[in-house]
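Here's protein_14.tsv, which has TSV, C-alpha atoms:
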```tsv
chain	number	residue	atom	x	y	z
R	1	MET	CA	116.95	-89.86	44.50
R	2	LEU	CA	115.16	-91.03	41.36
R	3	ILE	CA	112.78	-93.15	43.45
R	4	VAL	CA	112.01	-90.14	45.69
R	5	PHE	CA	111.22	-87.95	42.68
R	6	CYS	CA	108.95	-90.61	41.16
R	7	LEU	CA	107.08	-91.19	44.42
R	8	SER	CA	106.68	-87.43	44.89
R	9	THR	CA	105.23	-87.18	41.40
R	10	MET	CA	102.79	-90.03	42.02
R	11	PHE	CA	101.46	-88.73	45.35
R	12	GLY	CA	101.63	-85.09	44.27
R	13	MET	CA	99.49	-85.67	41.21
R	14	LYS	CA	97.08	-87.72	43.28
R	15	LEU	CA	96.64	-84.80	45.71
R	16	LEU	CA	95.98	-82.53	42.73
R	17	ASN	CA	93.25	-84.94	41.52
R	18	TYR	CA	95.33	-86.05	38.52
R	19	PRO	CA	96.19	-89.64	39.49
R	20	GLY	CA	96.79	-90.80	35.92
R	21	SER	CA	99.43	-88.13	35.36
R	22	GLY	CA	101.59	-89.48	38.17
R	23	ALA	CA	102.49	-92.66	36.28
R	24	MET	CA	103.27	-90.72	33.11
R	25	GLY	CA	105.38	-88.27	35.10
R	26	SER	CA	107.36	-91.09	36.70
R	27	MET	CA	108.03	-92.65	33.30
R	28	THR	CA	109.11	-89.28	31.93
R	29	ILE	CA	111.51	-88.75	34.83
R	30	GLY	CA	113.07	-92.16	34.21
R	31	ILE	CA	113.49	-91.51	30.47
R	32	ILE	CA	115.01	-88.06	30.99
R	33	SER	CA	117.35	-89.39	33.68
R	34	SER	CA	118.52	-92.18	31.40
R	35	ILE	CA	119.26	-89.75	28.56
R	36	CYS	CA	121.08	-87.30	30.85
R	37	TRP	CA	123.15	-89.96	32.58
R	38	SER	CA	124.16	-91.54	29.27
R	39	ASN	CA	125.56	-88.12	28.30
R	40	ASN	CA	127.36	-87.80	31.68
R	41	PHE	CA	125.09	-85.01	32.89
R	42	PRO	CA	125.07	-83.99	35.66
R	43	SER	CA	128.63	-85.07	36.29
R	44	ILE	CA	128.00	-85.53	40.04
R	45	PHE	CA	125.57	-88.38	39.50
R	46	ALA	CA	126.68	-89.61	36.07
R	47	ARG	CA	129.56	-91.92	35.38
R	48	ILE	CA	131.05	-93.12	32.13
R	49	THR	CA	128.86	-95.91	30.84
R	50	THR	CA	130.70	-99.21	30.92
R	51	GLU	CA	129.62	-102.82	31.05
R	52	GLU	CA	130.39	-102.94	34.77
R	53	THR	CA	128.29	-99.87	35.64
R	54	VAL	CA	125.38	-101.13	33.54
R	55	LYS	CA	125.40	-104.48	35.34
R	56	GLU	CA	125.71	-102.73	38.70
R	57	VAL	CA	122.67	-100.52	38.08
R	58	GLU	CA	120.72	-103.47	36.68
R	59	ASN	CA	121.44	-105.56	39.76
R	60	GLN	CA	120.44	-102.73	42.10
R	61	VAL	CA	117.14	-102.08	40.28
R	62	SER	CA	116.38	-105.81	40.15
R	63	LEU	CA	117.02	-106.09	43.88
R	64	VAL	CA	114.63	-103.24	44.69
R	65	TRP	CA	111.99	-104.71	42.36
R	66	GLU	CA	112.19	-108.27	43.71
R	67	ILE	CA	112.38	-107.42	47.42
R	68	ILE	CA	110.14	-104.35	47.75
R	69	VAL	CA	108.12	-103.32	44.70
R	70	GLU	CA	106.98	-106.68	43.31
R	71	PRO	CA	105.58	-108.08	46.60
R	72	LEU	CA	103.76	-104.80	47.30
R	73	LEU	CA	102.31	-104.63	43.79
R	74	PHE	CA	100.96	-108.15	43.53
R	75	GLY	CA	100.04	-108.34	47.23
R	76	SER	CA	97.87	-105.23	47.01
R	77	ILE	CA	96.21	-106.55	43.85
R	78	GLY	CA	95.45	-109.89	45.47
R	79	SER	CA	93.97	-108.24	48.55
R	80	ALA	CA	91.67	-106.10	46.39
R	81	LEU	CA	90.08	-109.07	44.66
R	82	ASP	CA	87.33	-111.21	46.15
R	83	PHE	CA	86.13	-113.96	43.81
R	84	ASP	CA	83.14	-114.67	46.05
R	85	LEU	CA	81.62	-111.33	45.07
R	86	ILE	CA	81.98	-112.01	41.34
R	87	PRO	CA	79.36	-114.14	39.54
R	88	SER	CA	80.61	-117.37	38.03
R	89	ALA	CA	79.31	-116.26	34.62
R	90	SER	CA	81.67	-113.28	34.71
R	91	LEU	CA	84.64	-115.55	35.47
R	92	THR	CA	83.72	-117.76	32.53
R	93	LYS	CA	83.55	-114.76	30.25
R	94	GLY	CA	86.88	-113.55	31.62
R	95	VAL	CA	88.59	-116.85	30.83
R	96	PHE	CA	87.10	-116.77	27.32
R	97	ILE	CA	88.32	-113.21	26.75
R	98	VAL	CA	91.84	-114.07	27.97
R	99	CYS	CA	92.05	-117.13	25.71
R	100	ILE	CA	90.83	-115.26	22.63
R	101	GLY	CA	93.15	-112.33	23.36
R	102	SER	CA	96.12	-114.65	23.83
R	103	MET	CA	95.48	-116.27	20.44
R	104	PHE	CA	95.48	-112.88	18.73
R	105	ARG	CA	98.59	-111.88	20.70
R	106	LEU	CA	100.49	-114.99	19.60
R	107	THR	CA	99.54	-114.40	15.97
R	108	SER	CA	100.41	-110.70	16.10
R	109	ALA	CA	103.77	-111.36	17.75
R	110	TYR	CA	104.65	-113.92	15.09
R	111	LEU	CA	103.63	-111.62	12.22
R	112	ALA	CA	105.42	-108.61	13.75
R	113	THR	CA	108.79	-110.25	13.08
R	114	TRP	CA	108.03	-110.95	9.43
R	115	ASN	CA	110.68	-110.11	6.79
R	116	GLY	CA	113.45	-109.98	9.38
R	117	VAL	CA	116.64	-111.88	9.98
R	118	LEU	CA	114.97	-114.34	12.33
R	119	THR	CA	114.09	-117.89	11.35
R	120	PRO	CA	110.50	-119.19	11.66
R	121	ARG	CA	111.53	-121.18	14.75
R	122	GLU	CA	112.96	-118.06	16.41
R	123	ARG	CA	109.85	-116.07	15.53
R	124	LEU	CA	107.68	-118.76	17.09
R	125	PHE	CA	109.73	-118.59	20.27
R	126	ILE	CA	109.34	-114.79	20.38
R	127	ALA	CA	105.57	-115.20	20.09
R	128	LEU	CA	105.58	-117.63	23.01
R	129	ALA	CA	107.87	-115.38	25.05
R	130	TRP	CA	105.47	-112.45	24.59
R	131	LEU	CA	102.51	-114.47	25.86
R	132	PRO	CA	102.89	-113.85	29.65
R	133	LYS	CA	101.05	-110.81	31.00
R	134	ALA	CA	101.51	-109.71	34.59
R	135	THR	CA	103.12	-106.40	35.53
R	136	VAL	CA	101.05	-103.96	33.47
R	137	GLN	CA	97.80	-105.76	34.28
R	138	ALA	CA	98.64	-105.78	37.99
R	139	ALA	CA	99.46	-102.08	37.94
R	140	LEU	CA	96.35	-100.92	36.07
R	141	CYS	CA	93.58	-103.39	36.88
R	142	THR	CA	92.54	-101.67	40.12
R	143	PHE	CA	92.31	-98.23	38.50
R	144	PRO	CA	88.66	-98.53	37.29
R	145	LEU	CA	87.51	-99.74	40.71
R	146	LEU	CA	89.31	-96.90	42.49
R	147	GLN	CA	87.88	-94.36	40.07
R	148	VAL	CA	84.33	-95.58	40.68
R	149	LYS	CA	84.74	-95.42	44.45
R	150	GLN	CA	86.32	-91.96	44.33
R	151	THR	CA	84.03	-90.28	41.82
R	152	LEU	CA	80.62	-91.83	42.55
R	153	SER	CA	78.61	-91.74	45.72
R	154	PRO	CA	77.21	-94.98	47.16
R	155	ASP	CA	73.79	-93.36	46.95
R	156	ASP	CA	74.08	-93.02	43.18
R	157	VAL	CA	71.61	-95.10	41.19
R	158	ASN	CA	74.33	-96.57	38.93
R	159	TYR	CA	76.90	-97.07	41.69
R	160	SER	CA	76.34	-100.81	42.08
R	161	SER	CA	76.44	-101.39	38.34
R	162	TYR	CA	79.73	-99.55	37.96
R	163	ILE	CA	81.19	-101.49	40.89
R	164	ILE	CA	80.26	-104.79	39.23
R	165	TRP	CA	81.80	-103.71	35.92
R	166	ALA	CA	84.98	-102.55	37.62
R	167	GLU	CA	85.27	-105.81	39.54
R	168	GLN	CA	84.80	-107.71	36.28
R	169	ILE	CA	87.71	-105.78	34.78
R	170	LEU	CA	89.77	-106.52	37.87
R	171	SER	CA	88.94	-110.22	37.81
R	172	THR	CA	89.71	-110.50	34.08
R	173	ALA	CA	93.10	-108.88	34.59
R	174	ILE	CA	93.89	-111.23	37.47
R	175	LEU	CA	92.81	-114.20	35.36
R	176	SER	CA	95.12	-113.07	32.57
R	177	ILE	CA	98.00	-113.13	35.04
R	178	CYS	CA	97.06	-116.52	36.49
R	179	ILE	CA	96.59	-118.09	33.04
R	180	THR	CA	99.29	-116.59	30.84
R	181	ALA	CA	102.17	-116.24	33.32
R	182	PRO	CA	102.58	-119.96	34.18
R	183	ILE	CA	101.93	-121.07	30.59
R	184	GLY	CA	104.44	-118.54	29.29
R	185	VAL	CA	107.17	-119.57	31.73
R	186	ILE	CA	106.69	-123.26	30.92
R	187	ALA	CA	106.66	-122.55	27.18
R	188	ILE	CA	109.87	-120.51	27.38
R	189	LYS	CA	111.71	-123.19	29.36
R	190	PHE	CA	110.45	-126.10	27.25
R	191	PHE	CA	110.43	-124.67	23.72
R	192	GLY	CA	113.60	-122.60	24.22
R	193	LYS	CA	115.72	-125.75	23.93
R	194	LEU	CA	113.75	-127.00	20.93
R	195	LEU	CA	113.43	-123.82	18.88
R	196	LEU	CA	116.69	-121.97	19.63
R	197	GLN	CA	120.29	-122.89	19.06
R	198	LYS	CA	123.54	-121.21	20.06
R	199	ASP	CA	125.65	-119.45	17.47
R	200	GLY	CA	129.06	-120.89	18.21
R	201	LYS	CA	130.92	-118.90	15.58
R	202	GLU	CA	130.06	-115.54	17.09
R	203	ILE	CA	131.05	-116.73	20.57
R	204	GLU	CA	134.42	-117.98	19.31
R	205	ILE	CA	135.16	-114.64	17.64
R	206	VAL	CA	134.38	-112.71	20.81
R	207	ILE	CA	136.58	-114.98	22.92
R	208	ASP	CA	139.42	-114.72	20.39
R	209	ASP	CA	139.25	-110.93	20.37
R	210	MET	CA	139.12	-110.72	24.17
R	211	SER	CA	142.08	-113.07	24.57
R	212	ARG	CA	144.38	-110.64	22.81
R	213	HIS	CA	146.13	-108.09	25.01
R	214	PRO	CA	144.52	-104.65	24.57
R	215	TYR	CA	147.91	-103.02	23.97
R	216	GLU	CA	149.23	-105.57	21.48
R	217	GLU	CA	149.25	-104.60	17.84
R	218	GLU	CA	150.25	-106.45	14.71
R	219	ASP	CA	153.49	-105.40	13.02
R	220	GLU	CA	152.63	-104.80	9.37
R	221	ASP	CA	156.15	-105.71	8.18
R	222	ASP	CA	156.80	-109.16	9.63
R	223	GLY	CA	153.47	-109.94	11.32
R	224	SER	CA	155.07	-110.19	14.76
R	225	THR	CA	153.35	-108.97	17.86
R	226	SER	CA	154.75	-106.00	19.78
R	227	ARG	CA	153.54	-104.18	22.83
R	228	SER	CA	152.77	-100.49	22.77
R	229	ASN	CA	154.93	-98.36	25.01
R	230	GLN	CA	152.27	-95.73	25.50
R	231	ASN	CA	151.19	-95.05	29.05
R	232	VAL	CA	147.52	-95.47	29.98
```
Could you express the structure from this file as structure tokens?
Amino acid sequence: MLIVFCLSTMFGMKLLNYPGSGAMGSMTIGIISSICWSNNFPSIFARITTEETVKEVENQVSLVWEIIVEPLLFGSIGSALDFDLIPSASLTKGVFIVCIGSMFRLTSAYLATWNGVLTPRERLFIALAWLPKATVQAALCTFPLLQVKQTLSPDDVNYSSYIIWAEQILSTAILSICITAPIGVIAIKFFGKLLLQKDGKEIEIVIDDMSRHPYEEEDEDDGSTSRSNQNV
């Protein structure tokens, strides 16, 4: 039902010549639904939030994303790009822009975690983990090109110039995906083992607490363990 509402918002706003409002409306619907469901409203669709229900919803959303949404998103982006129509100088500039932007992103991500509880090694890993860019770029990179084709006539004097600029934006976004996504995945897998370490104490405490029967309570007098006779 949530997917139907979001799709209706996207296509409805597009018919009303407000294509940008569709994405914002879909995000708003998701946020409102999350808040309502966490408060068990409406009771027909909401269930008490437990670890099992959270994992169930997460698995269902991940399945829809991996099987349907992700292939359609990146497939449509790939079909819209033709590198033969883009000058080689523009590709070189795009690579330069992506590299410079990635350097500023790494630095900003590292400084954003300053004065926290994280160690410098953990902050460095967070900076590397924030390097990959894919989903947002894939979703928005075709928007300038679509806007040019929808708002300008081919007979317009500046039509060809706007098409070139929009294709440059599209190619730069695609390059950011092709460059940062593989590097980010490799960095996470390689540096994760070097920069991070497991906190064994916290894991042992959780296991110790979970091993105790939920209806066992300590006797304050002699320290013996007794079971509660209350019915669940």
*Find the residues around Ser108 (chain R) up to 12 Å (all atoms listed in the file counted), leave out those fewer than 5 positions away in its own chain, and share them as an MDAnalysis selection string.*
chainID R and resid 101:103 113:114 123:124 126:128 130:131
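Nearest-residue note for Phe191 (chain R): choosing from R:Ala129, R:Leu118, R:Val95, R:Ala173, the minimum distance belongs to R:Ala129, counting only C-alpha atoms.
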*Write out as a ChimeraX atom specification each polymer residue whose atoms come within 7 Å of region 162-167 of chain R, counting all atoms listed in the file; drop sequence neighbours fewer than 2 positions from it.*
/R:144-145,148,158-160,169-171
_Between CA of Ile183 (chain R) and CA of Leu196 (chain R), what distance in Å does the model show, to one decimal?_
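Atom-to-atom, CA of Ile183 (chain R) and CA of Leu196 (chain R) are spaced 18.4 Å apart.
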*Tell me, as a ChimeraX atom specification, which residues lie within 10 Å of Ala134 (chain R), counting all atoms listed in the file; anything in the same chain fewer than 4 positions away does not count.*
/R:74,138-139,173-181
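Neighbours of region 10-19 of chain R closer than or equal to 12 Å, with only C-alpha atoms counted and sequence neighbours fewer than 2 positions away skipped, come out as Ile3, Val4, Phe5, Cys6, Leu7, Ser8, Ser21, Gly22, Ala23, Met24, Gly25, Ser26, Met27, Thr28, Ile29, Leu140, Phe143, Pro144, Leu146, Gln147, Gln150 and Thr151 of chain R.
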*Among listed residues R:Ser79, R:Pro120, R:Trp37, R:Phe190, nearest Val54 (chain R) (using all atoms listed in the file)*: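 Between R:Ser79, R:Pro120, R:Trp37, R:Phe190, the residue approaching Val54 (chain R) most closely is R:Trp37.
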*If you measure from CA of Gly184 (chain R) to CA of Gln60 (chain R), what distance in Å do you get, rounded to one decimal?*
25.9 Å
_So the first atom is CA of Phe125 (chain R) and the second is CA of Val98 (chain R); what is the distance between them in Å, to one decimal place?_
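Going from CA of Phe125 (chain R) over to CA of Val98 (chain R), I get 20.0 Å.
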